[in-house]
Each structure stands twice: as structure tokens, then as C-alpha cells.
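Asks: Coordinates in input_36.txt, compact mmCIF, C-alpha atoms, are listed below.
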# COMPACT_ATOMS: atom_id res chain seq x y z
CA MET A 1 110.99 101.12 21.04
CA LYS A 2 112.90 101.06 17.72
CA ILE A 3 114.51 104.40 18.54
CA GLY A 4 115.47 103.05 21.97
CA ILE A 5 117.22 100.05 20.40
CA ARG A 6 119.05 102.31 17.91
CA ILE A 7 120.30 104.61 20.69
CA LEU A 8 121.37 101.57 22.70
CA SER A 9 123.27 100.16 19.67
CA VAL A 10 125.03 103.48 19.03
CA LEU A 11 125.98 103.75 22.70
CA THR A 12 127.31 100.17 22.69
CA ILE A 13 129.43 100.88 19.56
CA ILE A 14 130.80 104.08 21.15
CA LEU A 15 131.66 102.21 24.36
CA LEU A 16 133.32 99.39 22.39
CA CYS A 17 135.37 101.87 20.34
CA ASP A 18 136.36 103.67 23.52
CA SER A 19 137.55 100.48 25.15
CA VAL A 20 139.58 99.52 22.05
CA ILE A 21 141.26 102.98 21.98
CA ALA A 22 141.82 102.87 25.73
CA GLN A 23 143.37 99.41 25.43
CA GLU A 24 145.78 100.67 22.77
CA ASP A 25 146.69 103.78 24.71
CA THR A 26 147.06 102.13 28.09
CA PHE A 27 150.67 102.00 29.14
CA LYS A 28 151.75 99.75 31.98
CA PRO A 29 155.07 100.17 33.76
CA ILE A 30 157.74 97.66 32.76
CA GLU A 31 159.31 95.78 35.65
CA LYS A 32 162.86 96.87 36.51
CA ALA A 33 164.20 93.39 35.84
CA GLU A 34 162.83 93.48 32.28
CA ILE A 35 164.26 96.90 31.37
CA PRO A 36 167.73 95.65 30.26
CA SER A 37 166.12 93.35 27.68
CA TYR A 38 164.18 96.29 26.19
CA ILE A 39 167.30 98.46 26.14
CA ALA A 40 169.13 95.60 24.40
CA LYS A 41 166.40 95.45 21.72
CA ILE A 42 166.61 99.22 21.16
CA GLU A 43 170.41 99.11 20.95
CA GLU A 44 170.26 96.15 18.56
CA ALA A 45 167.82 97.99 16.28
CA SER A 46 170.06 101.05 16.41
CA ALA A 47 173.13 98.97 15.52
CA LEU A 48 171.34 97.46 12.52
CA LEU A 49 170.22 100.85 11.27
CA THR A 50 172.40 102.11 8.44
CA SER A 51 170.06 104.67 6.94
CA LEU A 52 166.60 106.09 7.40
CA GLN A 53 164.27 108.23 5.31
CA CYS A 54 160.96 109.53 6.59
CA SER A 55 158.52 112.39 6.80
CA PHE A 56 157.84 114.16 10.07
CA THR A 57 155.24 116.41 11.64
CA GLN A 58 156.32 118.64 14.49
CA LYS A 59 153.75 120.24 16.77
CA LYS A 60 154.78 122.83 19.30
CA ILE A 61 152.14 123.66 21.91
CA ILE A 62 152.46 127.06 23.57
CA THR A 63 150.41 126.81 26.74
CA VAL A 64 150.33 130.53 27.58
CA LEU A 65 148.68 131.26 24.25
CA ALA A 66 146.76 127.98 24.05
CA GLU A 67 148.06 127.78 20.50
CA SER A 68 150.22 125.46 18.46
CA VAL A 69 152.71 125.77 15.63
CA VAL A 70 152.82 122.84 13.23
CA SER A 71 155.84 122.24 10.98
CA LYS A 72 156.32 119.49 8.43
CA GLY A 73 159.27 118.12 6.57
CA LYS A 74 161.49 115.25 5.54
CA LEU A 75 164.36 113.56 7.29
CA LEU A 76 167.34 111.62 5.97
CA TYR A 77 169.83 109.83 8.18
CA LYS A 78 172.92 107.90 7.21
CA LYS A 79 175.30 106.27 9.61
CA GLU A 80 177.46 107.51 11.32
CA ASN A 81 176.95 111.21 11.41
CA LYS A 82 174.94 112.33 8.43
CA LEU A 83 171.59 113.94 9.03
CA CYS A 84 169.39 116.07 6.82
CA TRP A 85 166.43 117.65 8.65
CA GLU A 86 164.42 119.56 6.07
CA TYR A 87 161.37 121.69 6.96
CA VAL A 88 159.08 122.45 4.06
CA SER A 89 156.20 123.98 6.00
CA PRO A 90 155.38 126.64 7.23
CA TYR A 91 158.55 127.72 5.43
CA TYR A 92 161.71 126.19 4.02
CA TYR A 93 164.53 125.54 6.49
CA LEU A 94 167.30 123.00 6.11
CA PHE A 95 169.53 121.65 8.87
CA VAL A 96 172.29 119.32 7.67
CA LEU A 97 174.84 117.56 9.84
CA ASN A 98 177.74 116.04 7.95
CA GLY A 99 180.44 114.76 10.28
CA ASP A 100 181.44 117.68 12.49
CA MET A 101 179.93 120.31 10.24
CA VAL A 102 176.45 121.78 10.51
CA TYR A 103 174.89 123.60 7.55
CA ILE A 104 171.80 125.73 7.89
CA LYS A 105 170.05 126.91 4.79
CA ASN A 106 166.99 129.09 4.50
CA ASP A 107 165.42 130.72 1.48
CA LYS A 108 168.12 133.38 1.32
CA SER A 109 171.37 132.16 2.78
CA THR A 110 173.50 129.24 3.93
CA ASN A 111 175.50 129.23 7.16
CA GLN A 112 177.94 126.65 8.37
CA PHE A 113 179.21 125.83 11.85
CA ASP A 114 181.77 123.46 13.24
CA THR A 115 180.21 121.44 16.08
CA LYS A 116 183.65 121.14 17.67
CA SER A 117 183.70 124.86 18.34
CA ASN A 118 179.97 125.46 18.79
CA ALA A 119 178.54 123.77 21.88
CA PHE A 120 174.94 124.67 21.04
CA PHE A 121 175.00 122.99 17.63
CA LYS A 122 176.87 120.03 19.09
CA GLU A 123 174.04 119.49 21.60
CA ILE A 124 171.32 119.99 18.97
CA SER A 125 173.03 117.60 16.54
CA LEU A 126 173.49 114.94 19.21
CA LEU A 127 169.86 115.25 20.29
CA LEU A 128 168.59 114.99 16.71
CA VAL A 129 170.79 112.05 15.74
CA ASN A 130 170.08 110.20 18.99
CA SER A 131 166.36 110.81 18.78
CA ILE A 132 166.15 108.77 15.56
CA SER A 133 167.17 105.49 17.15
CA GLY A 134 166.67 106.55 20.76
CA ALA A 135 169.63 104.41 21.80
CA GLY A 136 171.97 107.30 22.55
CA LEU A 137 169.36 109.06 24.67
CA ILE A 138 168.69 106.19 27.05
CA ASP A 139 171.76 106.86 29.11
CA PRO A 140 171.26 106.41 32.88
CA LYS A 141 174.15 108.82 33.51
CA LYS A 142 172.28 111.61 31.76
CA PHE A 143 168.66 110.66 32.43
CA ASP A 144 166.42 108.89 34.91
CA VAL A 145 164.64 106.43 32.64
CA VAL A 146 161.29 104.79 33.26
CA PHE A 147 159.78 102.34 30.76
CA TYR A 148 156.13 101.67 29.96
CA GLU A 149 154.53 99.49 27.35
CA SER A 150 151.26 99.00 25.55
CA ALA A 151 150.31 96.26 23.12
CA THR A 152 152.23 97.84 20.24
CA VAL A 153 154.48 100.51 21.72
CA VAL A 154 157.30 100.82 24.26
CA GLN A 155 157.52 104.18 25.93
CA ALA A 156 160.67 105.54 27.57
CA ARG A 157 160.26 108.58 29.81
CA LEU A 158 163.54 110.38 30.33
CA THR A 159 164.07 112.94 33.07
CA PRO A 160 167.30 114.91 32.61
CA LYS A 161 169.86 114.84 35.42
CA ASN A 162 172.03 117.53 33.89
CA LYS A 163 171.24 121.02 35.26
CA THR A 164 171.44 122.79 31.89
CA LEU A 165 169.20 120.32 30.12
CA LYS A 166 166.85 120.24 33.13
CA SER A 167 166.28 123.99 32.80
CA LEU A 168 165.21 123.44 29.17
CA LEU A 169 163.33 120.16 29.29
CA SER A 170 161.50 118.53 32.17
CA THR A 171 160.84 115.23 30.35
CA ILE A 172 161.60 113.60 27.02
CA THR A 173 159.28 110.77 26.03
CA LEU A 174 160.25 108.35 23.27
CA TYR A 175 157.73 105.99 21.70
CA PHE A 176 159.26 102.90 20.09
CA ALA A 177 157.25 100.71 17.73
CA LYS A 178 157.50 97.13 18.96
CA THR A 179 157.93 95.98 15.36
CA THR A 180 161.16 97.94 14.73
CA TYR A 181 162.28 99.25 18.14
CA LEU A 182 162.96 102.59 16.47
CA VAL A 183 161.49 105.90 17.61
CA GLN A 184 158.13 106.67 16.00
CA THR A 185 157.18 109.63 18.19
CA LEU A 186 159.23 112.00 20.31
CA GLU A 187 157.73 114.32 22.92
CA MET A 188 159.66 117.02 24.73
CA PHE A 189 158.08 118.73 27.72
CA GLU A 190 159.40 122.02 29.03
CA PRO A 191 159.21 123.28 32.62
CA SER A 192 156.79 126.00 31.45
CA GLY A 193 154.28 123.34 30.35
CA ASP A 194 155.00 123.85 26.64
CA SER A 195 155.65 120.73 24.64
CA THR A 196 156.97 119.66 21.23
CA THR A 197 155.82 116.44 19.61
CA ILE A 198 157.55 115.03 16.54
CA VAL A 199 155.82 112.17 14.75
CA PHE A 200 157.82 110.22 12.15
CA SER A 201 155.94 108.61 9.27
CA GLU A 202 156.51 106.88 5.92
CA VAL A 203 159.71 105.40 7.34
CA LYS A 204 162.08 103.62 4.94
CA LEU A 205 164.92 101.73 6.60
CA ASN A 206 168.38 100.80 5.33
CA GLN A 207 167.92 101.95 1.75
CA PRO A 208 170.84 103.54 -0.09
CA ILE A 209 171.11 107.33 0.25
CA SER A 210 173.66 109.25 -1.78
CA ASP A 211 176.27 111.24 0.18
CA GLU A 212 175.37 114.15 -2.11
CA LYS A 213 172.13 114.57 -0.15
CA PHE A 214 174.19 115.79 2.81
CA VAL A 215 176.16 118.36 0.87
CA VAL A 216 174.84 121.92 1.01
CA ARG A 217 175.90 124.45 -1.56
CA MET B 1 151.83 172.00 45.50
CA ARG B 2 155.10 170.09 45.26
CA ASN B 3 153.33 167.37 43.27
CA LEU B 4 151.87 169.94 40.91
CA TRP B 5 155.35 171.38 40.36
CA PHE B 6 156.74 167.92 39.69
CA VAL B 7 153.97 167.02 37.22
CA SER B 8 154.36 170.36 35.39
CA SER B 9 158.12 169.90 35.11
CA PHE B 10 157.64 166.38 33.87
CA ILE B 11 155.18 167.46 31.17
CA LEU B 12 157.54 170.30 30.20
CA VAL B 13 160.41 167.84 29.79
CA LEU B 14 158.27 165.51 27.71
CA THR B 15 156.98 168.19 25.40
CA SER B 16 160.41 169.79 25.06
CA CYS B 17 161.80 166.42 23.85
CA SER B 18 159.23 166.38 21.08
CA PHE B 19 160.22 169.95 20.26
CA TRP B 20 163.85 168.84 19.82
CA ILE B 21 162.91 166.17 17.36
CA CYS B 22 160.58 168.50 15.51
CA LYS B 23 162.94 171.50 15.64
CA ASN B 24 162.48 174.22 13.04
CA SER B 25 159.05 172.98 12.18
CA GLN B 26 155.54 173.99 12.99
CA ILE B 27 154.14 171.89 15.79
CA GLU B 28 150.51 171.06 16.09
CA ASN B 29 149.01 169.20 18.99
CA THR B 30 146.59 166.57 17.93
CA ALA B 31 144.95 163.62 19.61
CA ASN B 32 144.53 159.96 18.85
CA GLN B 33 146.21 159.91 15.48
CA ARG B 34 147.70 156.73 14.13
CA VAL B 35 149.77 156.62 10.99
CA MET B 36 150.87 152.98 10.89
CA SER B 37 148.57 149.97 10.79
CA GLY B 38 148.10 148.50 14.23
CA PHE B 39 148.49 145.04 15.69
CA PHE B 40 145.75 145.29 18.30
CA ASP B 41 143.03 145.27 15.66
CA THR B 42 142.51 141.55 15.22
CA LEU B 43 141.69 138.71 17.56
CA ASN B 44 143.39 136.22 15.25
CA VAL B 45 146.65 134.58 16.15
CA ARG B 46 149.43 135.96 13.98
CA LYS B 47 152.65 134.15 13.13
CA PHE B 48 155.79 135.63 11.65
CA LYS B 49 158.84 133.98 10.16
CA THR B 50 161.46 135.90 12.12
CA LYS B 51 165.15 136.65 11.85
CA ILE B 52 167.06 138.48 14.57
CA ILE B 53 170.52 139.49 13.45
CA TYR B 54 172.97 140.70 16.06
CA LYS B 55 176.31 141.67 14.49
CA THR B 56 177.33 138.36 12.80
CA THR B 57 174.96 136.10 14.73
CA GLU B 58 171.60 135.20 13.28
CA ILE B 59 168.71 133.66 15.19
CA SER B 60 165.72 132.49 13.19
CA GLY B 61 162.37 131.06 14.14
CA ILE B 62 158.68 131.83 14.46
CA LEU B 63 157.23 134.70 16.44
CA ILE B 64 153.62 134.12 17.39
CA TYR B 65 151.26 136.45 19.20
CA LYS B 66 147.65 136.68 20.17
CA LYS B 67 145.46 139.45 21.51
CA ILE B 68 144.56 138.61 25.11
CA ASN B 69 142.30 141.61 25.72
CA ASP B 70 141.69 145.08 24.27
CA SER B 71 145.00 146.41 25.52
CA THR B 72 147.29 143.39 25.79
CA LEU B 73 149.03 141.05 23.37
CA ALA B 74 150.87 137.93 24.47
CA GLY B 75 153.44 136.22 22.32
CA GLY B 76 156.46 134.05 22.07
CA PHE B 77 159.43 133.25 19.88
CA ILE B 78 160.48 129.68 19.11
CA ASN B 79 163.19 128.40 16.83
CA GLU B 80 162.53 125.92 14.02
CA PHE B 81 163.05 122.93 16.31
CA GLY B 82 160.47 124.25 18.77
CA ILE B 83 162.92 125.51 21.37
CA ASN B 84 161.55 128.52 23.27
CA GLY B 85 163.55 131.71 22.75
CA PHE B 86 161.42 134.10 24.76
CA ASP B 87 157.85 135.02 25.57
CA PHE B 88 156.37 138.42 26.15
CA THR B 89 153.32 140.52 26.87
CA LEU B 90 152.77 143.83 25.21
CA SER B 91 150.51 146.62 26.34
CA LYS B 92 150.12 149.91 24.55
CA SER B 93 152.61 151.53 26.95
CA HIS B 94 155.31 148.87 27.30
CA ALA B 95 156.51 145.35 26.54
CA LYS B 96 157.40 142.90 29.29
CA LEU B 97 159.55 139.83 28.71
CA GLY B 98 158.70 136.67 30.64
CA TYR B 99 160.82 133.64 29.86
CA LEU B 100 164.11 134.20 28.08
CA PHE B 101 166.42 131.41 26.88
CA LYS B 102 168.93 130.84 29.65
CA SER B 103 172.11 131.77 27.81
CA LEU B 104 170.46 135.01 26.61
CA ASP B 105 169.01 135.94 29.96
CA LYS B 106 171.00 139.09 30.69
CA ARG B 107 169.50 142.32 31.97
CA TYR B 108 170.65 144.39 28.98
CA ILE B 109 169.27 141.84 26.51
CA ARG B 110 165.90 141.89 28.30
CA ARG B 111 165.77 145.69 28.16
CA ALA B 112 166.78 145.79 24.51
CA LEU B 113 164.25 143.15 23.49
CA GLU B 114 161.45 144.85 25.45
CA THR B 115 162.22 148.18 23.79
CA ASP B 116 162.37 146.62 20.32
CA LEU B 117 159.21 144.53 20.70
CA HIS B 118 157.32 147.62 21.81
CA PHE B 119 158.57 149.60 18.82
CA LEU B 120 157.77 146.72 16.46
CA PHE B 121 154.21 146.08 17.58
CA SER B 122 152.80 148.99 19.55
CA ARG B 123 151.14 151.77 17.67
CA PRO B 124 150.74 154.46 20.34
CA LYS B 125 148.37 157.34 20.05
CA MET B 126 150.33 160.33 18.87
CA GLN B 127 150.00 163.77 20.34
CA THR B 128 152.37 165.93 18.32
CA LYS B 129 152.28 166.55 14.61
CA CYS B 130 155.21 168.24 12.96
CA SER B 131 157.38 168.20 9.88
CA ILE B 132 160.80 166.52 9.72
CA ASN B 133 162.87 167.14 6.59
CA ASP B 134 159.73 168.39 4.88
CA THR B 135 157.90 165.17 5.68
CA ALA B 136 154.80 165.26 7.83
CA ALA B 137 155.30 163.19 10.97
CA TYR B 138 153.64 162.32 14.24
CA VAL B 139 155.65 161.98 17.41
CA ALA B 140 154.74 159.65 20.25
CA THR B 141 156.58 160.12 23.52
CA ILE B 142 157.14 156.77 25.19
CA ASN B 143 159.20 157.92 28.14
CA ARG B 144 161.52 160.74 29.15
CA SER B 145 164.03 160.01 26.43
CA LEU B 146 162.33 157.63 24.02
CA HIS B 147 160.19 158.82 21.12
CA TYR B 148 158.69 157.17 18.08
CA VAL B 149 158.26 159.25 14.95
CA TYR B 150 155.75 157.98 12.41
CA TYR B 151 155.71 159.29 8.87
CA TYR B 152 152.83 159.60 6.51
CA ALA B 153 153.14 156.87 3.95
CA SER B 154 153.57 158.05 0.38
CA GLU B 155 152.54 154.57 -0.75
CA LYS B 156 149.88 152.84 1.24
CA SER B 157 151.73 149.52 1.06
CA MET B 158 154.86 150.89 2.82
CA GLU B 159 154.83 152.60 6.20
CA ARG B 160 157.78 154.01 8.10
CA ALA B 161 158.81 155.00 11.61
CA ASP B 162 161.95 155.99 13.50
CA MET B 163 162.90 155.52 17.12
CA TYR B 164 164.69 158.40 18.83
CA ARG B 165 166.59 158.38 22.08
CA GLY B 166 166.81 162.03 23.06
CA VAL B 167 167.55 163.83 19.82
CA HIS B 168 169.37 160.91 18.23
CA LYS B 169 167.71 158.59 15.78
CA ILE B 170 168.66 155.09 16.89
CA ALA B 171 166.46 152.75 14.84
CA SER B 172 164.15 152.63 11.85
CA LEU B 173 161.13 150.49 11.11
CA GLN B 174 159.47 149.69 7.81
CA GLN B 175 156.13 148.00 7.58
CA SER B 176 154.74 146.75 4.32
CA SER B 177 152.02 144.40 3.33
CA ASP B 178 150.57 142.63 0.37
CA HIS B 179 147.74 140.19 -0.06
CA LEU B 180 150.03 137.19 -0.58
CA ALA B 181 152.74 137.66 2.01
CA GLY B 182 150.79 139.45 4.73
CA VAL B 183 152.67 141.99 6.85
CA ILE B 184 156.43 142.38 6.57
CA LEU B 185 158.30 144.27 9.28
CA LYS B 186 161.92 145.33 9.02
CA MET B 187 163.60 147.09 11.88
CA GLY B 188 167.24 148.01 12.20
CA TYR B 189 169.46 150.04 14.47
CA THR B 190 171.23 152.89 12.70
CA ASP B 191 174.64 151.66 13.91
CA GLY B 192 173.95 148.32 12.18
CA SER B 193 174.39 146.28 15.35
CA LEU B 194 170.94 144.70 15.51
CA SER B 195 168.14 144.12 13.08
CA TYR B 196 164.85 142.25 12.85
CA GLU B 197 163.01 140.83 9.85
CA LEU B 198 159.49 139.53 10.31
CA CYS B 199 157.40 138.09 7.51
CA GLU B 200 153.86 137.03 8.28
CA ILE B 201 153.01 133.39 7.77
CA ASN B 202 149.57 132.91 6.34
CA ASN B 203 147.84 129.84 7.71
Take the structure in this file and express it as C-alpha cells.
Replies:
Amino acid sequence: MKIGIRILSVLTIILLCDSVIAQEDTFKPIEKAEIPSYIAKIEEASALLTSLQCSFTQKKIITVLAESVVSKGKLLYKKENKLCWEYVSPYYYLFVLNGDMVYIKNDKSTNQFDTKSNAFFKEISLLLVNSISGAGLIDPKKFDVVFYESATVVQARLTPKNKTLKSLLSTITLYFAKTTYLVQTLEMFEPSGDSTTIVFSEVKLNQPISDEKFVVR
Amino acid sequence: MRNLWFVSSFILVLTSCSFWICKNSQIENTANQRVMSGFFDTLNVRKFKTKIIYKTTEISGILIYKKINDSTLAGGFINEFGINGFDFTLSKSHAKLGYLFKSLDKRYIRRALETDLHFLFSRPKMQTKCSINDTAAYVATINRSLHYVYYYASEKSMERADMYRGVHKIASLQQSSDHLAGVILKMGYTDGSLSYELCEINN
């Protein structure tokens, strides 16, 4: 009898935990009429953002191999166009955007590119900068956007309209924390089924960052 | 009869190619030799920090592969941001590219990558032993014009091979390993146009 009660208690706890997790993870579609107010909040948060420092974890899932590659690093952003995307694991790799210039540094060498003459780096830089606030990505001309929300998170699912981007990515999903309306997680799904998830953590907002941090020698 | 003639001619052409590479040396037919350490030996996933340098352009990222069955590897190359460069399967006889990044998806790039991936990772069974410049070598014939020549390693930590098209050496491969870094592969075309550097990432 005692054992029966214990099993029942454990089962009840498991079910309760499950329902709490499910409640947190349940996303409901946001009505069309409400979408502009959410976009306004995201744009407002983006406008107020002057700098950002955080850590990130990037997980690439390769479906064919049923394997993943996890990378970790630190990110610095300073308005308008200063970004330092530094991978420290599995190996060192630094991507710095400073105005129109992109610097890439690995353990052996440093390369620099002008985004005005290099379309690939221009696209990458735009995607990275815009993914921090999310505001630049939610562009109905470039993407079909659908919004969902849970108790703590707003989710924007972006389907590219542009043919080139469509061939690379089937969907981009941005998760905004309702407390800051800044991106906390970014998911990119490819037509092949592969996906890349970037989770931002230890976020520090609007604290002074020296311009020196965006200079690569 | 016609088939027999065709097969005999084909074998003659194949063996004569090996003779060209091993000219002026004593040739010995042998079976199932392997000089360089193989990549089909482990079931573990292997990841390499990878650099592909074509003339002045450098592409870097992670090459990952996994053994699917006894005779097939499957793998892919992604850049640091997780963007897919290409994926491939590799059997002991050839490499086959699947997806290739759209702006790179040209027939000649596919063929070059397939050839290079096969040379980098396959370790075919060698049939012909000979001596090239007084160094003992094994020759593996891949197709009518393509041959891999593997050299006996003087040091166990450094292994070496060359790729020949006809009688011309077109690329070289060095494979080394140590306990800390894992396997390091360096392959380069003799004309300097294209090279690969792979350094194993230990999990």
C-alpha cells in the first residue's frame, strides 16, 4: 500500500512538472491586429539599445549524420555598426564588423574585407547585427512573419521571400524575452532539415564598451 | 570474346600506368597493403578544423564525418557560423558530393572536391610496390589516369602520399598525428592553386 502511494506521488509530481513545462513552452498565435504593437515594442527596444555584451552557445544540427557541432563564444555590439563575434570553442575565431570593414582573425592570420565590395560579408554582417535586436529582420518585404507568444516569450517565425535566402534558409525563428524585447534565442532552419540555434546568455545592456574592442591588429 | 579483349586491354592500361610512375624500378605485385593510417577504422564521429585555400581565397570551418557502414563515410563541411558548405559520402572507390553551397555549385568544383576528398580520406588497398627516387612506395590505381602513391614513413608520426594524373604528380598529402592534436592532414596541389589544412578537434 505504502509503495502504491509513493508511486502515485512520484507520478503526480512528474505530471505536474510536465504541465508546468508544457505551459511555458506552449506558444499561441498572436492575432493579426495585435502584431503591430509587438513590432513597435521590438523596435522601441532596438532603438534604446546602445550596446550589448553577452555569451553565446551555437548548436548546429546535421540531420544526415544525426550529429551536432557546438560552438561557444562572446559577443560585443555597439551602435551603429560595431560587432565583435568571438568564438572560443571548439577553436578561436574572431569576426569583427567595424563600420564597412570586416576583420576575420584565426589563430594564424587576420584578413579584412570591405562589405561595400563583398556581397557575402555584407549579408552576413547584416544578419548578425540584425539578429541581436531582431528589429531589422522583421521586414515584411523580405519575410513572411508570423508571431506566437507564451507566458514569457514572443516568437517571430520568418519565412524568406527572397529566392537566394530561401535556398539557404527555410525559416528563421527569433525568440524575444518579454522583459527586454531583445532576441534571446535565434534558430535558423535549412531546407535540408539542418538547423542552427544560437542562445544568448549573461546579457549586459547599454554598458560602455571601448572602441578599441572593435579594432583588430 | 570481345568483352574479354576489352577487359584485358583495360587491365593492361591500368598496369602500364603504374609502370610509368614506377619507371626504372623493380615492381612487385602485392595485395592489401596499406601504408597510411585509415579513416574507416573508427565508428566515432571525427571533426576537423578545416581551411580550404584557393589562390587568394580562404574558406574556413569544420569538417565532420562519421562512418555509416563498413565501406561508407558520410560527412559535411560547415563554416564557423553554421552555414553548410557541402556534404559528401565517401566509399573506398570514390567520393560523392551531395549538397554544395549555391554559389560554389559548378560542375568543375564538384569534380575537384570529390577527387580531393577521396585522396584525403580514402586509403585504398594497394596492388603495386615499387621504388620512386630510392623510396619504397605503393601505388593504388583509382581510375584510368589517377593514381595515389603512398610512401613508407621514415617517422611513424608523419606519413606521405602523392596524387598522380597520368605520369604527372599533381598533389601531395601529409598526414601526421600526436596525442594532443589528433590527426593533421595537409594537402596541396603542386601548382599551388589549391590546398587543404585539416586539424582534428578533440572533443
Asks: Taking only C-alpha atoms into account, what are the residues of chain B at most 10 Å from chain A, put as a tab-separated table (two decimals) with C-alpha atoms, in the coordinates of the input?
Replies:
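The result, stored in part31.tsv:
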chain	number	residue	atom	x	y	z
B	45	VAL	CA	146.65	134.58	16.15
B	47	LYS	CA	152.65	134.15	13.13
B	49	LYS	CA	158.84	133.98	10.16
B	58	GLU	CA	171.60	135.20	13.28
B	60	SER	CA	165.72	132.49	13.19
B	61	GLY	CA	162.37	131.06	14.14
B	62	ILE	CA	158.68	131.83	14.46
B	64	ILE	CA	153.62	134.12	17.39
B	65	TYR	CA	151.26	136.45	19.20
B	66	LYS	CA	147.65	136.68	20.17
B	67	LYS	CA	145.46	139.45	21.51
B	68	ILE	CA	144.56	138.61	25.11
B	73	LEU	CA	149.03	141.05	23.37
B	74	ALA	CA	150.87	137.93	24.47
B	75	GLY	CA	153.44	136.22	22.32
B	76	GLY	CA	156.46	134.05	22.07
B	78	ILE	CA	160.48	129.68	19.11
B	80	GLU	CA	162.53	125.92	14.02
B	81	PHE	CA	163.05	122.93	16.31
B	82	GLY	CA	160.47	124.25	18.77
B	83	ILE	CA	162.92	125.51	21.37
B	84	ASN	CA	161.55	128.52	23.27
B	87	ASP	CA	157.85	135.02	25.57
B	99	TYR	CA	160.82	133.64	29.86
B	101	PHE	CA	166.42	131.41	26.88
B	102	LYS	CA	168.93	130.84	29.65
B	103	SER	CA	172.11	131.77	27.81
B	201	ILE	CA	153.01	133.39	7.77
B	202	ASN	CA	149.57	132.91	6.34
B	203	ASN	CA	147.84	129.84	7.71
Asks: What's the separation between atom CA of A:Ala135 and atom CA of A:Thr173, in Å to one decimal place?
Replies: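 Going from atom CA of A:Ala135 over to atom CA of A:Thr173 covers 12.9 Å.
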Asks: Interatomic distance between atom CA of A:Lys28 and atom CA of A:Leu49?
Replies: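 Interatomic distance here is 27.8 Å.
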Asks: Quick one: residues within 10 Å of B:Arg110, all atoms listed in the file, excluding same-chain residues fewer than 4 positions away - as number ranges by chain?
Replies: B: 86, 96-100, 104-106, 114-116
Asks: For atom CA of B:Ala112 and atom CA of B:Leu185, determine how far apart the two atoms are, in Å to one decimal place.
Replies: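 Distance reported for this atom pair: 17.5 Å.
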Asks: For each of B:Thr56, B:Thr42, B:Leu194, B:Val149, take the minimum atom-to-atom distance to B:Thr128, counting all atoms listed in the file, then give the residue where this is smallest.
Replies: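 The closest residue to B:Thr128 is B:Val149.
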Asks: May I have the residues within 9 Å of A:Thr152 as a list in words, using only C-alpha atoms and disregarding those fewer than 5 positions away in the same chain?
Replies: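 Result of the neighbour search: Glu24, Phe176, Ala177, Lys178 and Thr179 of chain A.
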Asks: Could you name the residues that touch A:Tyr148 at 9 Å or less, counting only C-alpha atoms, but leaving out those on the same chain fewer than 5 positions away, as a PyMOL selection string?
Replies: chain A and resi 27-31+153-157
Asks: I need the chosen residues saved as a short mmCIF file (atom, residue, chain, number, x, y, z; two decimals), keeping the file's coordinate frame, with C-alpha atoms.
Replies:
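Result file result_6.cif:
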data_model
loop_
_atom_site.label_atom_id
_atom_site.label_comp_id
_atom_site.auth_asym_id
_atom_site.auth_seq_id
_atom_site.Cartn_x
_atom_site.Cartn_y
_atom_site.Cartn_z
CA PHE A 27 150.67 102.00 29.14
CA LYS A 28 151.75 99.75 31.98
CA PRO A 29 155.07 100.17 33.76
CA ILE A 30 157.74 97.66 32.76
CA GLU A 31 159.31 95.78 35.65
CA VAL A 153 154.48 100.51 21.72
CA VAL A 154 157.30 100.82 24.26
CA GLN A 155 157.52 104.18 25.93
CA ALA A 156 160.67 105.54 27.57
CA ARG A 157 160.26 108.58 29.81
#
Asks: Residues near A:Thr185, anyone? I mean within 7 Å using only C-alpha atoms, not counting same-chain ones fewer than 4 positions away, as a ChimeraX atom specification.
Replies: /A:174-175,198-200
Asks: Quick one: residues within 9 Å of (155.9, 142.8, 18.7) (file frame), counting all atoms listed in the file, please, as a short mmCIF file (atom, residue, chain, number, x, y, z; two decimals) with C-alpha atoms, in the coordinates of the input.
Replies:
data_model
loop_
_atom_site.label_atom_id
_atom_site.label_comp_id
_atom_site.auth_asym_id
_atom_site.auth_seq_id
_atom_site.Cartn_x
_atom_site.Cartn_y
_atom_site.Cartn_z
CA PHE B 39 148.49 145.04 15.69
CA LEU B 63 157.23 134.70 16.44
CA TYR B 65 151.26 136.45 19.20
CA LEU B 73 149.03 141.05 23.37
CA GLY B 75 153.44 136.22 22.32
CA PHE B 88 156.37 138.42 26.15
CA THR B 89 153.32 140.52 26.87
CA LEU B 90 152.77 143.83 25.21
CA ALA B 95 156.51 145.35 26.54
CA GLU B 114 161.45 144.85 25.45
CA ASP B 116 162.37 146.62 20.32
CA LEU B 117 159.21 144.53 20.70
CA HIS B 118 157.32 147.62 21.81
CA PHE B 119 158.57 149.60 18.82
CA LEU B 120 157.77 146.72 16.46
CA PHE B 121 154.21 146.08 17.58
CA SER B 122 152.80 148.99 19.55
#
Asks: Of the residues A:Val129, A:Phe120, A:Ile209, A:Leu75, which is the one nearest to A:Gly99, using all atoms listed in the file?
Replies: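 Among the listed residues, the smallest separation from A:Gly99 belongs to A:Val129.
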Asks: Using the partial input, fill out stretch 164-175 of chain B with N, CA and C atoms; write the result as a tab-separated table (two decimals), in the coordinates of the input.
Replies:
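The resulting part01.tsv:
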chain	number	residue	atom	x	y	z
B	164	TYR	N	163.71	157.42	18.37
B	164	TYR	CA	164.69	158.40	18.83
B	164	TYR	C	164.96	158.22	20.31
B	165	ARG	N	166.25	158.26	20.67
B	165	ARG	CA	166.59	158.38	22.08
B	165	ARG	C	167.15	159.78	22.25
B	166	GLY	N	166.46	160.61	23.01
B	166	GLY	CA	166.81	162.03	23.06
B	166	GLY	C	166.62	162.60	21.67
B	167	VAL	N	167.67	163.24	21.16
B	167	VAL	CA	167.55	163.83	19.82
B	167	VAL	C	168.17	162.93	18.75
B	168	HIS	N	168.66	161.78	19.18
B	168	HIS	CA	169.37	160.91	18.23
B	168	HIS	C	168.46	159.81	17.70
B	169	LYS	N	168.46	159.70	16.38
B	169	LYS	CA	167.71	158.59	15.78
B	169	LYS	C	168.52	157.31	15.98
B	170	ILE	N	167.88	156.30	16.62
B	170	ILE	CA	168.66	155.09	16.89
B	170	ILE	C	168.20	153.88	16.06
B	171	ALA	N	166.94	153.91	15.61
B	171	ALA	CA	166.46	152.75	14.84
B	171	ALA	C	165.36	153.16	13.88
B	172	SER	N	165.21	152.38	12.83
B	172	SER	CA	164.15	152.63	11.85
B	172	SER	C	163.30	151.38	11.65
B	173	LEU	N	162.06	151.60	11.32
B	173	LEU	CA	161.13	150.49	11.11
B	173	LEU	C	160.38	150.71	9.80
B	174	GLN	N	160.28	149.64	9.03
B	174	GLN	CA	159.47	149.69	7.81
B	174	GLN	C	158.42	148.61	7.89
B	175	GLN	N	157.22	148.98	7.57
B	175	GLN	CA	156.13	148.00	7.58
B	175	GLN	C	155.46	147.99	6.21
